[in-house]
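The structure appears below as structure tokens.
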Amino acid sequence: AIHRDEGYKMSKDKIKLNLHAHMVFDWIDHGTGRAMHYNRTHMAQIQTIVANTLDMERGQSSDKKHKTPQQYKAEKEAEEAMKRKQVAEEQARKAEANVVEKKQEQKELEDKNTTLRKEMHTMWMKNLELSGQRSNLAISVYDQKKELEKINLSLFQAQNDLNSTNSTLKDQKRLISQKNDQLKQIEEGITLAKSFDNRISRAFNGADVENSLWGATPLRAAAEECEKIKNEIETRYRRIESIIGKAVDCISDCITDMKRRAFSSSDVLTIDTALGKSRREERADYLLEAAEEKAEVKHGNYAGCAIWERDLRAIARGEQVRTIDRGQGLRY
């Protein structure tokens, strides 16, 4: 049987066992009945015989003095105690070095803390100074802002006055333009009247007076010329009336046809011709009013953007508008 009653404790949780077994030998000489005595050499030979018999590895012979299990255990425990002492001393030395290092780090941190406190105080003083400057700047900015508001108010009033003046000038220019157009029409009328008067005079003076018993031939010639002039005036009036009517029809058709999105090219040409060369915007207002009356639509009572009004005014201003033609869609 293997014995486990010998060994020593290496650490708290580890034990080194001295595993061994015991053998019993009969040392009695049965011939004489006496015990046989063996010396150290005999014992070594017995160990060799046992090893060979049991097929075991023979240990090396030693000159060491035999120790009892108690002595062996005590020596090992002393060795372990020495090792633990050395480890403890090493740990103490490291701890002392660590304490020195920590003290050095603490001193460095204290020095840094002192430096930071000084810098913080300096920054606080600067911040206090900047706060005063900021307050002064805020007061200055507030005063400048108030002054700027006054200037802006003055500019706003001046702009309103200027806009009012411009509006008045615009109205006066429009009135002057209307007066000029009226004067131009009057001059054209005077020129036309003079032309008619010259024609009547030529007809009257060119008549054959000698063959007229009562002198009525010049009057008849003048009357015939007057009839011609009347027909020319009526023809011109009917032509103008026709152009205006066609323009009104174009606008009215665009109003009543909800699918229409623009005038056609021919519509634009007709409207532009009807507007003539002068007082185009006034004439556009008249055409719009007549077209809405024909379409039975009250001005302004329609949803969305009235394209006919928008494009009509654009044509009156001489601007280019979109047109829609059959098979070609919208175009400029």
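By order of appearance in the structure tokens: chains A, B, ..., then residues from 1 within every chain, and ligands from 1 in the order shown.
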Among range 194-286 of chain A, which ones does DSSP place in helix (DSSP H, G or I), written as an mmCIF file with N, CA and C atoms, in the first residue's frame?
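Output (part_10.cif):
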data_model
loop_
_atom_site.group_PDB
_atom_site.id
_atom_site.type_symbol
_atom_site.label_atom_id
_atom_site.label_comp_id
_atom_site.auth_asym_id
_atom_site.auth_seq_id
_atom_site.Cartn_x
_atom_site.Cartn_y
_atom_site.Cartn_z
ATOM 1 N N LYS A 194 -58.542 119.187 -92.698
ATOM 2 C CA LYS A 194 -57.964 120.062 -93.725
ATOM 3 C C LYS A 194 -57.903 119.347 -95.069
ATOM 4 N N SER A 195 -57.541 118.048 -94.993
ATOM 5 C CA SER A 195 -57.478 117.274 -96.232
ATOM 6 C C SER A 195 -58.855 117.196 -96.884
ATOM 7 N N PHE A 196 -59.889 116.924 -96.036
ATOM 8 C CA PHE A 196 -61.257 116.877 -96.572
ATOM 9 C C PHE A 196 -61.673 118.250 -97.127
ATOM 10 N N ASP A 197 -61.317 119.303 -96.402
ATOM 11 C CA ASP A 197 -61.677 120.658 -96.839
ATOM 12 C C ASP A 197 -61.020 120.990 -98.171
ATOM 13 N N ASN A 198 -59.762 120.570 -98.314
ATOM 14 C CA ASN A 198 -59.059 120.815 -99.582
ATOM 15 C C ASN A 198 -59.723 120.057 -100.725
ATOM 16 N N ARG A 199 -60.119 118.822 -100.431
ATOM 17 C CA ARG A 199 -60.773 118.032 -101.478
ATOM 18 C C ARG A 199 -62.108 118.669 -101.885
ATOM 19 N N ILE A 200 -62.878 119.117 -100.883
ATOM 20 C CA ILE A 200 -64.169 119.756 -101.199
ATOM 21 C C ILE A 200 -63.938 121.052 -101.973
ATOM 22 N N SER A 201 -62.919 121.814 -101.555
ATOM 23 C CA SER A 201 -62.619 123.077 -102.249
ATOM 24 C C SER A 201 -62.211 122.817 -103.691
ATOM 25 N N ARG A 202 -61.362 121.783 -103.885
ATOM 26 C CA ARG A 202 -60.941 121.485 -105.249
ATOM 27 C C ARG A 202 -62.128 121.041 -106.108
ATOM 28 N N ALA A 203 -63.012 120.221 -105.484
ATOM 29 C CA ALA A 203 -64.193 119.779 -106.240
ATOM 30 C C ALA A 203 -65.107 120.966 -106.578
ATOM 31 N N PHE A 204 -65.273 121.863 -105.614
ATOM 32 C CA PHE A 204 -66.147 123.032 -105.830
ATOM 33 C C PHE A 204 -65.545 123.964 -106.875
ATOM 34 N N ASN A 205 -64.262 124.240 -106.753
ATOM 35 C CA ASN A 205 -63.618 125.176 -107.674
ATOM 36 C C ASN A 205 -63.388 124.570 -109.054
ATOM 37 N N THR A 217 -73.760 123.535 -110.229
ATOM 38 C CA THR A 217 -72.770 122.482 -110.524
ATOM 39 C C THR A 217 -71.666 122.423 -109.476
ATOM 40 N N PRO A 218 -71.098 123.540 -109.037
ATOM 41 C CA PRO A 218 -70.073 123.465 -107.985
ATOM 42 C C PRO A 218 -70.606 122.863 -106.688
ATOM 43 N N LEU A 219 -71.846 123.203 -106.393
ATOM 44 C CA LEU A 219 -72.423 122.655 -105.160
ATOM 45 C C LEU A 219 -72.606 121.148 -105.263
ATOM 46 N N ARG A 220 -73.065 120.728 -106.496
ATOM 47 C CA ARG A 220 -73.233 119.286 -106.674
ATOM 48 C C ARG A 220 -71.884 118.572 -106.571
ATOM 49 N N ALA A 221 -70.850 119.167 -107.169
ATOM 50 C CA ALA A 221 -69.518 118.553 -107.106
ATOM 51 C C ALA A 221 -69.033 118.479 -105.663
ATOM 52 N N ALA A 222 -69.272 119.560 -104.914
ATOM 53 C CA ALA A 222 -68.865 119.558 -103.507
ATOM 54 C C ALA A 222 -69.646 118.514 -102.718
ATOM 55 N N ALA A 223 -70.973 118.392 -103.029
ATOM 56 C CA ALA A 223 -71.797 117.405 -102.322
ATOM 57 C C ALA A 223 -71.347 115.987 -102.638
ATOM 58 N N GLU A 224 -71.015 115.744 -103.906
ATOM 59 C CA GLU A 224 -70.537 114.408 -104.279
ATOM 60 C C GLU A 224 -69.218 114.081 -103.569
ATOM 61 N N GLU A 225 -68.344 115.086 -103.477
ATOM 62 C CA GLU A 225 -67.065 114.858 -102.771
ATOM 63 C C GLU A 225 -67.313 114.603 -101.285
ATOM 64 N N CYS A 226 -68.302 115.344 -100.747
ATOM 65 C CA CYS A 226 -68.655 115.108 -99.335
ATOM 66 C C CYS A 226 -69.184 113.693 -99.132
ATOM 67 N N GLU A 227 -69.963 113.195 -100.106
ATOM 68 C CA GLU A 227 -70.487 111.833 -100.010
ATOM 69 C C GLU A 227 -69.349 110.814 -100.034
ATOM 70 N N LYS A 228 -68.354 111.075 -100.904
ATOM 71 C CA LYS A 228 -67.191 110.184 -100.954
ATOM 72 C C LYS A 228 -66.452 110.180 -99.612
ATOM 73 N N ILE A 229 -66.277 111.393 -99.076
ATOM 74 C CA ILE A 229 -65.578 111.491 -97.782
ATOM 75 C C ILE A 229 -66.357 110.755 -96.696
ATOM 76 N N LYS A 230 -67.689 110.922 -96.739
ATOM 77 C CA LYS A 230 -68.533 110.231 -95.758
ATOM 78 C C LYS A 230 -68.376 108.722 -95.873
ATOM 79 N N ASN A 231 -68.373 108.215 -97.100
ATOM 80 C CA ASN A 231 -68.220 106.767 -97.299
ATOM 81 C C ASN A 231 -66.850 106.288 -96.804
ATOM 82 N N GLU A 232 -65.820 107.092 -97.079
ATOM 83 C CA GLU A 232 -64.476 106.718 -96.613
ATOM 84 C C GLU A 232 -64.428 106.671 -95.083
ATOM 85 N N ILE A 233 -65.061 107.689 -94.457
ATOM 86 C CA ILE A 233 -65.067 107.721 -92.990
ATOM 87 C C ILE A 233 -65.834 106.536 -92.426
ATOM 88 N N GLU A 234 -66.993 106.226 -93.031
ATOM 89 C CA GLU A 234 -67.770 105.084 -92.552
ATOM 90 C C GLU A 234 -67.001 103.773 -92.746
ATOM 91 N N THR A 235 -66.320 103.681 -93.905
ATOM 92 C CA THR A 235 -65.526 102.464 -94.152
ATOM 93 C C THR A 235 -64.419 102.319 -93.112
ATOM 94 N N ARG A 236 -63.739 103.437 -92.839
ATOM 95 C CA ARG A 236 -62.674 103.395 -91.833
ATOM 96 C C ARG A 236 -63.247 103.056 -90.458
ATOM 97 N N TYR A 237 -64.392 103.642 -90.136
ATOM 98 C CA TYR A 237 -65.020 103.374 -88.838
ATOM 99 C C TYR A 237 -65.423 101.909 -88.725
ATOM 100 N N ARG A 238 -66.033 101.378 -89.817
ATOM 101 C CA ARG A 238 -66.448 99.973 -89.776
ATOM 102 C C ARG A 238 -65.235 99.043 -89.650
ATOM 103 N N ARG A 239 -64.143 99.423 -90.325
ATOM 104 C CA ARG A 239 -62.930 98.596 -90.224
ATOM 105 C C ARG A 239 -62.395 98.597 -88.785
ATOM 106 N N ILE A 240 -62.361 99.798 -88.177
ATOM 107 C CA ILE A 240 -61.901 99.876 -86.783
ATOM 108 C C ILE A 240 -62.839 99.106 -85.866
ATOM 109 N N GLU A 241 -64.151 99.283 -86.097
ATOM 110 C CA GLU A 241 -65.143 98.589 -85.282
ATOM 111 C C GLU A 241 -65.011 97.078 -85.437
ATOM 112 N N SER A 242 -64.712 96.626 -86.680
ATOM 113 C CA SER A 242 -64.545 95.190 -86.930
ATOM 114 C C SER A 242 -63.316 94.653 -86.198
ATOM 115 N N ILE A 243 -62.231 95.428 -86.252
ATOM 116 C CA ILE A 243 -61.001 94.993 -85.560
ATOM 117 C C ILE A 243 -61.250 94.900 -84.058
ATOM 118 N N ILE A 244 -61.942 95.916 -83.513
ATOM 119 C CA ILE A 244 -62.251 95.895 -82.075
ATOM 120 C C ILE A 244 -63.148 94.710 -81.745
ATOM 121 N N GLY A 245 -64.150 94.457 -82.591
ATOM 122 C CA GLY A 245 -65.063 93.337 -82.354
ATOM 123 C C GLY A 245 -64.338 92.000 -82.378
ATOM 124 N N LYS A 246 -63.415 91.846 -83.348
ATOM 125 C CA LYS A 246 -62.648 90.598 -83.410
ATOM 126 C C LYS A 246 -61.786 90.418 -82.162
ATOM 127 N N ALA A 247 -61.176 91.512 -81.692
ATOM 128 C CA ALA A 247 -60.357 91.427 -80.480
ATOM 129 C C ALA A 247 -61.210 91.048 -79.272
ATOM 130 N N VAL A 248 -62.411 91.656 -79.184
ATOM 131 C CA VAL A 248 -63.321 91.321 -78.080
ATOM 132 C C VAL A 248 -63.730 89.857 -78.160
ATOM 133 N N ASP A 249 -63.992 89.360 -79.389
ATOM 134 C CA ASP A 249 -64.364 87.948 -79.559
ATOM 135 C C ASP A 249 -63.224 87.024 -79.121
ATOM 136 N N CYS A 250 -61.991 87.375 -79.467
ATOM 137 C CA CYS A 250 -60.837 86.540 -79.074
ATOM 138 C C CYS A 250 -60.751 86.428 -77.553
ATOM 139 N N ILE A 251 -60.909 87.571 -76.888
ATOM 140 C CA ILE A 251 -60.814 87.564 -75.426
ATOM 141 C C ILE A 251 -62.006 86.840 -74.817
ATOM 142 N N SER A 252 -63.192 87.069 -75.356
ATOM 143 C CA SER A 252 -64.399 86.424 -74.838
ATOM 144 C C SER A 252 -64.329 84.909 -75.008
ATOM 145 N N ASP A 253 -63.826 84.450 -76.167
ATOM 146 C CA ASP A 253 -63.692 83.001 -76.388
ATOM 147 C C ASP A 253 -62.723 82.384 -75.379
ATOM 148 N N CYS A 254 -61.662 83.100 -75.081
ATOM 149 C CA CYS A 254 -60.687 82.589 -74.104
ATOM 150 C C CYS A 254 -61.302 82.527 -72.708
ATOM 151 N N ILE A 255 -62.206 83.471 -72.407
ATOM 152 C CA ILE A 255 -62.860 83.480 -71.092
ATOM 153 C C ILE A 255 -63.824 82.306 -70.963
ATOM 154 N N THR A 256 -64.618 82.074 -71.995
ATOM 155 C CA THR A 256 -65.669 81.049 -71.919
ATOM 156 C C THR A 256 -65.124 79.637 -72.082
ATOM 157 N N SER A 265 -51.738 82.482 -81.738
ATOM 158 C CA SER A 265 -50.914 83.492 -82.410
ATOM 159 C C SER A 265 -51.780 84.498 -83.154
ATOM 160 N N SER A 266 -52.848 84.013 -83.808
ATOM 161 C CA SER A 266 -53.746 84.924 -84.534
ATOM 162 C C SER A 266 -54.495 85.830 -83.562
ATOM 163 N N ASP A 267 -54.844 85.293 -82.368
ATOM 164 C CA ASP A 267 -55.503 86.123 -81.355
ATOM 165 C C ASP A 267 -54.590 87.274 -80.937
ATOM 166 N N VAL A 268 -53.323 86.956 -80.682
ATOM 167 C CA VAL A 268 -52.366 87.984 -80.255
ATOM 168 C C VAL A 268 -52.225 89.048 -81.334
ATOM 169 N N LEU A 269 -52.149 88.626 -82.601
ATOM 170 C CA LEU A 269 -52.015 89.584 -83.707
ATOM 171 C C LEU A 269 -53.252 90.476 -83.804
ATOM 172 N N THR A 270 -54.437 89.867 -83.654
ATOM 173 C CA THR A 270 -55.686 90.640 -83.723
ATOM 174 C C THR A 270 -55.763 91.653 -82.584
ATOM 175 N N ILE A 271 -55.444 91.211 -81.368
ATOM 176 C CA ILE A 271 -55.504 92.108 -80.204
ATOM 177 C C ILE A 271 -54.482 93.224 -80.338
ATOM 178 N N ASP A 272 -53.270 92.879 -80.786
ATOM 179 C CA ASP A 272 -52.223 93.894 -80.937
ATOM 180 C C ASP A 272 -52.634 94.939 -81.974
ATOM 181 N N THR A 273 -53.270 94.492 -83.055
ATOM 182 C CA THR A 273 -53.743 95.433 -84.084
ATOM 183 C C THR A 273 -54.831 96.346 -83.522
ATOM 184 N N ALA A 274 -55.737 95.765 -82.726
ATOM 185 C CA ALA A 274 -56.829 96.557 -82.157
ATOM 186 C C ALA A 274 -56.311 97.590 -81.155
ATOM 187 N N LEU A 275 -55.234 97.283 -80.457
ATOM 188 C CA LEU A 275 -54.704 98.224 -79.466
ATOM 189 C C LEU A 275 -54.048 99.432 -80.114
ATOM 190 N N ARG A 280 -52.547 102.294 -75.378
ATOM 191 C CA ARG A 280 -52.775 100.845 -75.494
ATOM 192 C C ARG A 280 -53.360 100.258 -74.202
ATOM 193 N N GLU A 281 -52.875 100.710 -73.056
ATOM 194 C CA GLU A 281 -53.373 100.144 -71.802
ATOM 195 C C GLU A 281 -54.825 100.555 -71.554
ATOM 196 N N GLU A 282 -55.179 101.792 -71.912
ATOM 197 C CA GLU A 282 -56.578 102.211 -71.771
ATOM 198 C C GLU A 282 -57.471 101.407 -72.713
ATOM 199 N N ARG A 283 -56.987 101.196 -73.916
ATOM 200 C CA ARG A 283 -57.758 100.410 -74.874
ATOM 201 C C ARG A 283 -57.879 98.956 -74.408
ATOM 202 N N ALA A 284 -56.809 98.447 -73.753
ATOM 203 C CA ALA A 284 -56.871 97.083 -73.224
ATOM 204 C C ALA A 284 -57.946 96.975 -72.146
ATOM 205 N N ASP A 285 -58.068 97.999 -71.289
ATOM 206 C CA ASP A 285 -59.127 97.999 -70.268
ATOM 207 C C ASP A 285 -60.509 97.963 -70.927
ATOM 208 N N TYR A 286 -60.672 98.738 -72.001
ATOM 209 C CA TYR A 286 -61.965 98.760 -72.696
ATOM 210 C C TYR A 286 -62.267 97.391 -73.303
#
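Remark: for Ile2 in chain A, the closest of the candidate residues A:Ile139, A:Leu192, A:Leu109, A:Ala21 is A:Ala21 (distances computed over only C-alpha atoms).
Take CA of Gln45 in chain A and CA of Arg58 in chain A: the distance between them is 10.9 Å.
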Requested in this report: Could you check which of A:Asn127, A:Ala193, A:Glu293, A:Arg310 is closest to Phe263 in chain A, using only C-alpha atoms?
Outcome: A:Arg310
Requested in this report: To one decimal in Å, tell me the separation between CA of Gln104 in chain A and CA of Lys85 in chain A.
Outcome: 28.3 Å
Query raised in the report: For Glu75 in chain A, which residue among A:Lys170, A:Met10, A:Leu155, A:Gln47 is the nearest when counting only C-alpha atoms?
Result: A:Met10
